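J.: My structure is in entry-v6.cif, and what it holds is mmCIF, C-alpha atoms:
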```
data_structure
#
loop_
_atom_site.label_atom_id
_atom_site.label_comp_id
_atom_site.auth_asym_id
_atom_site.auth_seq_id
_atom_site.Cartn_x
_atom_site.Cartn_y
_atom_site.Cartn_z
CA MET A 18 99.77 48.57 64.87
CA ARG A 19 99.36 47.25 68.36
CA LEU A 20 98.75 43.82 69.75
CA LEU A 21 98.08 43.84 73.48
CA ARG A 22 98.69 40.47 75.11
CA LEU A 23 98.28 40.13 78.83
CA VAL A 24 99.49 37.24 80.95
CA ALA A 25 96.53 37.52 83.32
CA ALA A 26 92.87 37.26 82.41
CA LEU A 27 91.98 40.72 83.60
CA LEU A 28 88.58 41.42 82.25
CA ALA A 29 85.58 39.28 81.47
CA LEU A 30 83.12 41.77 80.11
CA ALA A 31 79.80 40.57 81.49
CA VAL A 32 78.03 42.89 79.10
CA LEU A 33 74.55 44.00 80.02
CA ALA A 34 72.24 43.67 77.05
CA GLY A 35 71.21 46.94 75.49
CA CYS A 36 68.00 47.78 73.74
CA ALA A 37 67.28 45.83 70.58
CA GLY A 38 67.58 47.31 67.14
CA ALA A 39 65.10 46.90 64.36
CA THR A 40 65.06 43.91 62.08
CA PRO A 41 66.77 44.85 58.81
CA GLY A 42 64.76 45.11 55.63
CA PRO A 43 65.90 44.01 52.16
CA ALA A 44 69.60 43.83 51.41
CA ALA A 45 71.16 47.24 50.92
CA CYS A 46 71.11 47.70 47.18
CA GLY A 47 74.63 49.12 46.93
CA LEU A 48 76.43 46.29 48.75
CA ARG A 49 77.74 43.23 46.95
CA ARG A 50 79.57 40.31 48.50
CA TRP A 51 83.25 40.38 47.55
CA THR A 52 84.66 37.34 49.33
CA VAL A 53 84.14 34.95 52.24
CA ALA A 54 87.06 33.81 54.40
CA ARG A 55 87.40 31.45 57.31
CA LEU A 56 87.41 33.05 60.78
CA ILE A 57 89.00 31.33 63.79
CA ALA A 58 88.35 32.56 67.35
CA ARG A 59 91.10 32.11 69.96
CA ASP A 60 91.42 33.82 73.38
CA ASN A 61 89.39 36.95 72.46
CA LEU A 62 91.29 37.21 69.16
CA LEU A 63 90.29 36.42 65.58
CA LEU A 64 92.52 34.64 63.05
CA VAL A 65 92.11 34.63 59.27
CA PRO A 66 93.77 32.07 56.95
CA VAL A 67 95.21 33.70 53.81
CA TRP A 68 97.53 32.79 50.95
CA ILE A 69 100.63 34.93 50.47
CA ASP A 70 102.64 34.36 47.28
CA THR A 71 100.68 31.08 46.82
CA LYS A 72 101.72 29.83 50.31
CA PRO A 73 99.28 29.27 53.20
CA SER A 74 99.47 31.67 56.12
CA VAL A 75 97.37 32.78 59.11
CA LEU A 76 97.07 36.42 60.19
CA LEU A 77 95.61 38.00 63.30
CA LEU A 78 92.68 40.26 62.42
CA ASP A 79 93.81 43.64 63.77
CA THR A 80 91.58 46.66 63.17
CA GLY A 81 94.04 48.71 65.26
CA ALA A 82 96.94 48.08 62.87
CA GLN A 83 97.40 50.74 60.21
CA ARG A 84 99.12 48.27 57.88
CA THR A 85 99.18 44.55 57.28
CA ILE A 86 102.43 43.37 58.90
CA LEU A 87 104.35 40.10 58.81
CA THR A 88 106.76 38.82 61.44
CA GLU A 89 110.38 38.23 60.48
CA ALA A 90 109.86 34.49 61.01
CA ALA A 91 106.98 34.50 58.53
CA VAL A 92 109.04 36.35 55.91
CA ARG A 93 111.74 33.69 56.16
CA ARG A 94 109.26 30.82 56.03
CA LEU A 95 107.42 32.28 53.05
CA HIS A 96 110.70 33.18 51.23
CA LEU A 97 109.47 36.68 50.39
CA ARG A 98 111.76 39.15 48.58
CA THR A 99 112.82 42.38 50.27
CA ASP A 100 111.87 45.72 48.70
CA PRO A 101 114.99 47.86 49.34
CA LEU A 102 113.19 51.09 48.36
CA HIS A 103 110.51 51.12 51.06
CA ILE A 104 110.92 51.07 54.84
CA THR A 105 108.06 50.91 57.35
CA HIS A 106 108.30 52.00 60.99
CA THR A 107 106.10 50.01 63.36
CA ALA A 108 105.29 51.26 66.85
CA GLY A 109 103.58 49.27 69.55
CA ILE A 110 103.41 48.80 73.28
CA GLY A 111 107.02 48.18 74.27
CA GLY A 112 108.71 50.29 71.58
CA GLY A 113 109.13 50.47 67.84
CA SER A 114 111.20 49.12 64.97
CA SER A 115 111.92 49.74 61.29
CA ASP A 116 112.48 47.31 58.45
CA PHE A 117 112.27 47.04 54.67
CA ASP A 118 108.95 45.97 53.19
CA VAL A 119 108.65 42.71 51.27
CA TRP A 120 106.99 41.94 47.96
CA ALA A 121 103.72 40.06 48.47
CA GLY A 122 103.59 38.41 45.04
CA SER A 123 99.90 37.66 45.56
CA PHE A 124 97.57 37.93 48.54
CA MET A 125 94.47 35.73 48.57
CA LEU A 126 91.69 36.32 51.09
CA GLY A 127 89.28 33.44 50.61
CA PRO A 128 88.99 32.97 46.84
CA ALA A 129 89.62 36.67 46.11
CA ASN A 130 92.94 38.30 45.27
CA VAL A 131 93.63 41.46 47.29
CA PRO A 132 95.41 44.06 45.12
CA ILE A 133 98.35 44.71 47.42
CA ASP A 134 101.97 44.59 46.25
CA ARG A 135 104.01 45.11 49.43
CA LEU A 136 103.69 44.10 53.07
CA ALA A 137 105.37 45.63 56.10
CA VAL A 138 107.71 43.63 58.35
CA GLY A 139 107.82 43.98 62.14
CA HIS A 140 110.39 42.93 64.74
CA PHE A 141 107.98 41.10 67.00
CA GLN A 142 106.68 37.62 67.73
CA LEU A 143 103.12 36.46 68.17
CA ARG A 144 102.38 33.80 70.72
CA ASN A 145 100.87 30.46 69.88
CA LEU A 146 97.07 30.51 70.03
CA GLY A 147 96.04 26.92 70.54
CA ASP A 148 97.54 25.09 67.59
CA ILE A 149 98.18 28.24 65.51
CA THR A 150 101.04 30.73 65.57
CA PRO A 151 99.99 33.79 63.54
CA ASP A 152 102.35 35.04 60.83
CA GLY A 153 101.41 38.68 61.35
CA LEU A 154 98.56 41.18 61.44
CA LEU A 155 95.78 41.71 58.90
CA GLY A 156 95.48 45.49 59.16
CA SER A 157 93.22 48.36 58.26
CA ASP A 158 95.00 49.13 54.96
CA ILE A 159 93.05 46.14 53.62
CA LEU A 160 90.06 46.04 55.97
CA SER A 161 89.06 49.69 55.51
CA GLN A 162 87.97 49.08 51.92
CA PHE A 163 84.98 46.98 52.98
CA ASP A 164 81.85 46.41 54.99
CA ILE A 165 82.75 43.35 57.07
CA ASP A 166 80.49 40.77 58.69
CA LEU A 167 82.40 38.98 61.47
CA ASP A 168 80.57 35.83 62.54
CA PRO A 169 82.86 33.87 64.92
CA ARG A 170 80.23 31.28 65.81
CA ALA A 171 79.83 30.37 62.14
CA GLY A 172 83.61 30.67 61.63
CA ARG A 173 83.10 33.07 58.74
CA MET A 174 84.19 36.57 57.71
CA THR A 175 82.27 38.08 54.78
CA LEU A 176 83.53 41.19 52.99
CA TYR A 177 81.23 43.47 51.00
CA ARG A 178 82.06 46.24 48.56
CA GLY A 179 79.97 49.27 47.70
CA ARG A 180 77.85 51.62 49.77
CA PRO A 181 74.21 51.13 50.77
CA CYS A 182 71.75 53.36 48.95
CA GLY A 183 69.58 53.57 52.09
CA PRO A 184 70.38 53.77 55.81
CA ALA A 185 73.43 51.71 56.82
CA ARG A 186 72.49 48.43 58.46
CA PRO A 187 73.79 44.86 58.68
CA LEU A 188 72.41 42.24 56.31
CA TRP A 189 71.14 40.13 59.23
CA GLN A 190 67.87 38.61 60.24
CA GLY A 191 67.45 39.43 63.91
CA GLN A 192 68.15 42.12 66.44
CA TYR A 193 71.26 44.25 66.75
CA GLU A 194 72.68 47.25 68.53
CA SER A 195 74.17 50.19 66.66
CA LEU A 196 77.08 51.74 68.52
CA PRO A 197 76.70 55.54 68.60
CA ASP A 198 79.18 58.20 67.54
CA ILE A 199 81.46 56.11 65.32
CA GLY A 200 84.37 57.94 63.70
CA ARG A 201 87.51 57.36 61.68
CA TYR A 202 91.13 58.17 62.40
CA GLY A 203 92.92 57.41 59.17
CA ASP A 204 91.87 53.89 58.26
CA ARG A 205 90.94 52.93 61.81
CA ILE A 206 87.51 52.97 63.46
CA THR A 207 87.01 54.96 66.66
CA VAL A 208 84.10 54.64 69.10
CA ALA A 209 82.72 56.69 71.98
CA LEU A 210 83.61 55.09 75.32
CA ALA A 211 83.10 56.25 78.91
CA VAL A 212 85.10 55.24 81.99
CA ASN A 213 83.72 56.32 85.36
CA GLY A 214 81.20 58.41 83.45
CA VAL A 215 83.87 60.41 81.60
CA GLY A 216 83.84 60.10 77.83
CA THR A 217 86.75 59.61 75.45
CA ARG A 218 87.46 58.27 71.96
CA ALA A 219 88.70 54.71 71.75
CA THR A 220 90.25 52.79 68.87
CA LEU A 221 88.32 49.66 67.97
CA ASP A 222 91.18 47.19 68.17
CA THR A 223 90.50 43.52 67.47
CA GLY A 224 94.24 42.91 67.82
CA ALA A 225 94.11 43.87 71.49
CA GLN A 226 93.16 40.88 73.59
CA PHE A 227 91.72 43.10 76.33
CA THR A 228 90.22 46.56 76.52
CA ALA A 229 92.86 48.99 77.83
CA VAL A 230 92.93 52.60 79.06
CA ASP A 231 95.54 55.24 78.21
CA ARG A 232 97.63 56.24 81.22
CA GLY A 233 97.11 59.97 80.68
CA PHE A 234 93.32 59.51 80.54
CA ALA A 235 93.37 57.32 83.66
CA GLU A 236 95.37 59.93 85.57
CA ARG A 237 92.86 62.63 84.60
CA LEU A 238 90.21 60.41 86.21
CA GLY A 239 92.23 60.50 89.45
CA ALA A 240 93.58 56.96 89.20
CA HIS A 241 96.62 55.99 91.30
CA PHE A 242 98.56 52.82 90.52
CA ALA A 243 100.88 52.23 93.50
CA THR A 244 98.87 49.29 94.88
CA ASP A 245 97.67 47.87 91.54
CA GLN A 246 98.68 44.43 90.36
CA ARG A 247 101.16 44.69 87.47
CA ILE A 248 100.97 42.55 84.37
CA VAL A 249 103.07 42.16 81.22
CA ALA A 250 101.94 43.72 77.93
CA HIS A 251 103.57 43.95 74.52
CA GLY A 252 102.59 44.67 70.97
CA ALA A 253 103.98 44.96 67.46
CA SER A 254 107.47 45.70 68.77
CA PRO A 255 110.40 43.70 70.15
CA GLY A 256 109.97 44.81 73.77
CA GLN A 257 107.48 44.19 76.53
CA ILE A 258 106.58 46.30 79.54
CA SER A 259 105.00 45.95 82.96
CA VAL A 260 101.75 47.91 83.29
CA PRO A 261 99.24 48.36 86.13
CA ALA A 262 95.84 46.69 86.05
CA HIS A 263 93.52 49.23 87.65
CA ARG A 264 89.96 48.79 88.90
CA PHE A 265 87.57 51.46 87.66
CA ALA A 266 83.96 52.02 88.69
CA THR A 267 82.22 51.67 85.31
CA LEU A 268 82.89 51.11 81.63
CA ARG A 269 80.22 51.97 79.06
CA VAL A 270 80.06 51.67 75.28
CA GLY A 271 76.69 52.70 73.92
CA THR A 272 74.14 50.81 76.01
CA PHE A 273 76.62 48.07 76.90
CA SER A 274 78.12 48.50 80.36
CA VAL A 275 80.06 46.70 83.07
CA ARG A 276 80.69 47.61 86.70
CA ASN A 277 84.06 47.52 88.45
CA PRO A 278 86.15 46.49 85.43
CA VAL A 279 89.87 45.85 85.94
CA LEU A 280 91.61 47.39 82.93
CA PRO A 281 95.28 47.49 81.95
CA VAL A 282 96.66 51.03 81.84
CA VAL A 283 99.12 51.66 79.02
CA SER A 284 100.70 54.64 77.27
CA LEU A 285 98.96 54.72 73.90
CA PRO A 286 100.54 56.36 70.83
CA LYS A 287 99.18 59.55 69.34
CA GLY A 288 95.89 59.07 67.54
CA ALA A 289 94.77 56.01 69.51
CA GLY A 290 92.50 58.07 71.76
CA GLY A 291 91.95 57.47 75.44
CA ALA A 292 91.45 53.70 75.21
CA LEU A 293 91.54 50.56 73.10
CA LEU A 294 88.24 48.71 72.80
CA GLY A 295 89.58 45.20 72.57
CA GLY A 296 88.62 41.68 71.67
CA ASP A 297 87.09 40.96 75.09
CA PHE A 298 84.22 43.31 74.24
CA LEU A 299 83.57 41.63 70.88
CA ALA A 300 84.31 38.03 71.90
CA GLY A 301 81.69 35.57 70.65
CA ARG A 302 79.53 38.30 69.15
CA ARG A 303 78.52 38.77 65.56
CA VAL A 304 79.78 42.20 64.48
CA TRP A 305 79.29 44.29 61.36
CA LEU A 306 82.00 46.86 60.64
CA SER A 307 81.12 49.39 57.97
CA TYR A 308 84.24 51.37 57.20
CA PRO A 309 82.73 53.37 54.28
CA SER A 310 79.69 54.58 56.27
CA ALA A 311 81.38 54.64 59.72
CA HIS A 312 78.96 52.30 61.51
CA VAL A 313 79.42 49.40 63.92
CA PHE A 314 76.60 46.96 64.63
CA ILE A 315 76.64 44.23 67.26
CA ALA A 316 74.12 41.38 67.39
CA THR A 317 72.19 41.37 70.67
CA PRO A 318 71.45 38.14 72.58
CA GLY A 319 68.05 37.85 70.90
CA GLY A 320 69.61 38.17 67.45
#
```
For the structure just supplied, provide its representation as C-alpha cells.
T.:
Amino acid sequence: MRLLRLVAALLALAVLAGCAGATPGPAACGLRRWTVARLIARDNLLLVPVWIDTKPSVLLLDTGAQRTILTEAAVRRLHLRTDPLHITHTAGIGGGSSDFDVWAGSFMLGPANVPIDRLAVGHFQLRNLGDITPDGLLGSDILSQFDIDLDPRAGRMTLYRGRPCGPARPLWQGQYESLPDIGRYGDRITVALAVNGVGTRATLDTGAQFTAVDRGFAERLGAHFATDQRIVAHGASPGQISVPAHRFATLRVGTFSVRNPVLPVVSLPKGAGGALLGGDFLAGRRVWLSYPSAHVFIATPGG
C-alpha cells in the first residue's frame, strides 16, 4: 500500500553479521515449487516481470501493499476494462485515492497463471528505475499464498506452495539467520525491530526504498526534528510530503544492527506498526519469506 521513495540516499545499512544458522536438511516434504519468475534489483527495490491480459508488464514487489495495484498509465497502456461494481481505496504517504478496479483477464507470473480476476487502480506514478518504469505494485494479496525465495544475485524469485511437515526452514545450502518474533497483520509480515533499544513492530515492506520510523514512535523516543534535514517522500497516492530525516543511536533487527542510522520519520497508517523495514535492509541479500508459517530467513555472508 505504500511506496516510500526518498530523494536523498539516507541510509546505507552496514549490517553487522549475526550468528550463523544451521545448514538445512532435506527439502521440506510439504513444499512444492509453483513457479519461477525473473527478479530485477534496482535502487534497493525489486521488480518482477509479469503478463497481464497477455501483455508484458513489470511490477514493483511490495510486501507492504495489501493489494496488487496498477497505475492509471498502466491501465491505459494495457487497455484493461473497468469493473464498475468494485471500488478500491488506496492510502499511502502523501494521501489517498479511490478508483474502480479493472478486470485482469489473465495474470501470468513466470509460466504460472495466478487466479486473480480484478486488480486495483491507484492515482500515483512510479519513477523510472534505470531503464524500467514499473506499472504498479505486486502486493500481498498474491504473495501471501506462498513461501517465497528471493534471490536478487541470481535474478530469480521462486514461489512454493504447501506447508513444511517439519520445522520451517529455507531450501538452501549454506548458512542463514532466522529473524525472531515474526507475525502477520492481515496479509502482511511484521517483524520485531528496536530503535535506541526500544522495541516495536515493523511492517516488512519491500516497496519502501528505505527503512522508516513512525513519527509517533519517534516522538515517544524523545526525538525532536527542528534541526533535521528534510527530504521528500511519497507513496501509493497522488501527493508527496516533506519529512525529517532523523539520526538515531541504534537500529536492531534480530542480531543485525547498525549504529547512528539516519531514518526518515513519517506518519504511518494504522496497522503498519512503529516502522517500515525497507529494501535497504534486504538489498543484495537472499531472503526466504514464509507467509504460511510466519518465518523470515536471511542468508548470512557465509551462506
J.: I would like the residues chosen by the PyMOL selection byres ((chain A and resi 227) around 6) on the shown file; could you give them as a compact mmCIF listing (two decimals) with C-alpha atoms, keeping the file's coordinate frame?
T.:
```txt
# COMPACT_ATOMS: atom_id res chain seq x y z
CA ALA A 225 94.11 43.87 71.49
CA GLN A 226 93.16 40.88 73.59
CA THR A 228 90.22 46.56 76.52
CA GLY A 295 89.58 45.20 72.57
CA GLY A 296 88.62 41.68 71.67
CA ASP A 297 87.09 40.96 75.09
```
J.: With only C-alpha atoms counted, which protein, DNA or RNA residues have an atom no more than 9 Å from (80.3, 52.6, 75.9) in the file frame? Please answer as a count of residues only.
T.: 15
J.: Could you tell me which of A:Leu299, A:Thr80, A:Glu89, A:Asp118 comes closest to Leu102 of chain A if we count all atoms listed in the file?
T.: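 Among the listed residues, the smallest separation from Leu102 of chain A belongs to A:Asp118.
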J.: Atom CA of Arg178 of chain A and atom CA of Arg49 of chain A, how far apart in Å?
T.: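 These atoms are spaced 5.5 Å apart.
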J.: List the spatial neighbours of segment 142-158 of chain A as number ranges by chain - criterion: any atom at most 6 Å away, all atoms listed in the file, same-chain residues fewer than 2 positions off excluded.
T.: A: 75-80, 82-88, 91, 160-161, 204
J.: Write out as a list in words which residues come within 12 Å of Glu236 of chain A when counting only C-alpha atoms, dropping same-chain ones fewer than 4 positions away.
T.: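 Using only C-alpha atoms, the neighbours found are Val212, Val230, Asp231, Arg232, Ala240, His241, Phe242, His263, Phe265, Val282, Val283, Ser284 and Gly291 of chain A.
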J.: Write the residues you've just listed into a file as a tab-separated table (two decimals), in the frame of the given file, and include C-alpha atoms for each of them.
T.:
```
chain	number	residue	atom	x	y	z
A	212	VAL	CA	85.10	55.24	81.99
A	230	VAL	CA	92.93	52.60	79.06
A	231	ASP	CA	95.54	55.24	78.21
A	232	ARG	CA	97.63	56.24	81.22
A	240	ALA	CA	93.58	56.96	89.20
A	241	HIS	CA	96.62	55.99	91.30
A	242	PHE	CA	98.56	52.82	90.52
A	263	HIS	CA	93.52	49.23	87.65
A	265	PHE	CA	87.57	51.46	87.66
A	282	VAL	CA	96.66	51.03	81.84
A	283	VAL	CA	99.12	51.66	79.02
A	284	SER	CA	100.70	54.64	77.27
A	291	GLY	CA	91.95	57.47	75.44
```
J.: Compare A:Asn213, A:Thr244, A:Thr175, A:Ser307 by their minimum atom-to-atom distance to Val275 of chain A, counting all atoms listed in the file, and give me the closest one.
T.: A:Asn213
J.: Find the distance between atom CA of Arg173 of chain A and atom CA of Val304 of chain A and write it in Å to one decimal.
T.: 11.3 Å
J.: Rounded to one decimal in Å, what is the spacing between atom CA of Val53 of chain A and atom CA of Thr223 of chain A?
T.: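 Computing it gives 18.6 Å between the two atoms.
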J.: Starting from the shown file, work through the PyMOL selection byres ((chain A and resi 135) around 7) and note down what comes out as a list of chain:residue names.
T.: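 Applying the expression gives A:Asp118, A:Val119, A:Trp120, A:Ala121, A:Ile133, A:Asp134, A:Leu136, A:Ala137.
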J.: So which residues touch Gly301 of chain A within 9 Å, counting only C-alpha atoms, skipping near sequence neighbours fewer than 6 positions away, as a ChimeraX atom specification?
T.: /A:58,61,168-170
J.: Counting all atoms listed in the file, find residues at most 8 Å from (96.7, 60.9, 63.3) (file frame) and give them as a PyMOL selection string.
T.: chain A and resi 202-203+287-288
J.: Given the selection you just returned, output its residues as a file containing C-alpha atoms, formatted as a compact mmCIF listing (two decimals), in the coordinates of the input.
T.:
```txt
# COMPACT_ATOMS: atom_id res chain seq x y z
CA TYR A 202 91.13 58.17 62.40
CA GLY A 203 92.92 57.41 59.17
CA LYS A 287 99.18 59.55 69.34
CA GLY A 288 95.89 59.07 67.54
```
J.: From the list A:Phe117, A:Trp51, A:Phe124, A:Phe234, which residue is nearest Pro73 of chain A when using all atoms listed in the file?
T.: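 Ranking A:Phe117, A:Trp51, A:Phe124, A:Phe234 by distance to Pro73 of chain A, first place goes to A:Phe124.
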J.: With distances taken over all atoms listed in the file, which residue among A:Tyr308, A:Tyr193, A:Phe163, A:Phe298 lies nearest Arg205 of chain A?
T.: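 Nearest candidate to Arg205 of chain A out of A:Tyr308, A:Tyr193, A:Phe163, A:Phe298: A:Tyr308.
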J.: Set the distance at 9 Å and use all atoms listed in the file: which residues neighbour Gly127 of chain A once local chain neighbours fewer than 6 positions away are removed? I'd like the list as JSON, numbers by chain.
T.: {"A": [52, 53, 54, 55, 66, 67, 68]}
J.: Which residues, written as number ranges by chain, have at least one atom at most 10 Å from Thr207 of chain A, with only C-alpha atoms counted and residues fewer than 2 positions away on the same chain left out?
T.: A: 81, 198-205, 209-210, 217-222, 288-290, 292-294, 311-313
J.: Output the selection as a PDB file, in the frame of the given file - C-alpha atoms for each residue.
T.:
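result01.pdb was written with the following content:
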```pdb
ATOM      1  CA  GLY A  81      94.040  48.710  65.260  1.00  0.00           C
ATOM      2  CA  ASP A 198      79.180  58.200  67.540  1.00  0.00           C
ATOM      3  CA  ILE A 199      81.460  56.110  65.320  1.00  0.00           C
ATOM      4  CA  GLY A 200      84.370  57.940  63.700  1.00  0.00           C
ATOM      5  CA  ARG A 201      87.510  57.360  61.680  1.00  0.00           C
ATOM      6  CA  TYR A 202      91.130  58.170  62.400  1.00  0.00           C
ATOM      7  CA  GLY A 203      92.920  57.410  59.170  1.00  0.00           C
ATOM      8  CA  ASP A 204      91.870  53.890  58.260  1.00  0.00           C
ATOM      9  CA  ARG A 205      90.940  52.930  61.810  1.00  0.00           C
ATOM     10  CA  ALA A 209      82.720  56.690  71.980  1.00  0.00           C
ATOM     11  CA  LEU A 210      83.610  55.090  75.320  1.00  0.00           C
ATOM     12  CA  THR A 217      86.750  59.610  75.450  1.00  0.00           C
ATOM     13  CA  ARG A 218      87.460  58.270  71.960  1.00  0.00           C
ATOM     14  CA  ALA A 219      88.700  54.710  71.750  1.00  0.00           C
ATOM     15  CA  THR A 220      90.250  52.790  68.870  1.00  0.00           C
ATOM     16  CA  LEU A 221      88.320  49.660  67.970  1.00  0.00           C
ATOM     17  CA  ASP A 222      91.180  47.190  68.170  1.00  0.00           C
ATOM     18  CA  GLY A 288      95.890  59.070  67.540  1.00  0.00           C
ATOM     19  CA  ALA A 289      94.770  56.010  69.510  1.00  0.00           C
ATOM     20  CA  GLY A 290      92.500  58.070  71.760  1.00  0.00           C
ATOM     21  CA  ALA A 292      91.450  53.700  75.210  1.00  0.00           C
ATOM     22  CA  LEU A 293      91.540  50.560  73.100  1.00  0.00           C
ATOM     23  CA  LEU A 294      88.240  48.710  72.800  1.00  0.00           C
ATOM     24  CA  ALA A 311      81.380  54.640  59.720  1.00  0.00           C
ATOM     25  CA  HIS A 312      78.960  52.300  61.510  1.00  0.00           C
ATOM     26  CA  VAL A 313      79.420  49.400  63.920  1.00  0.00           C
TER      27      VAL A 313
END
```
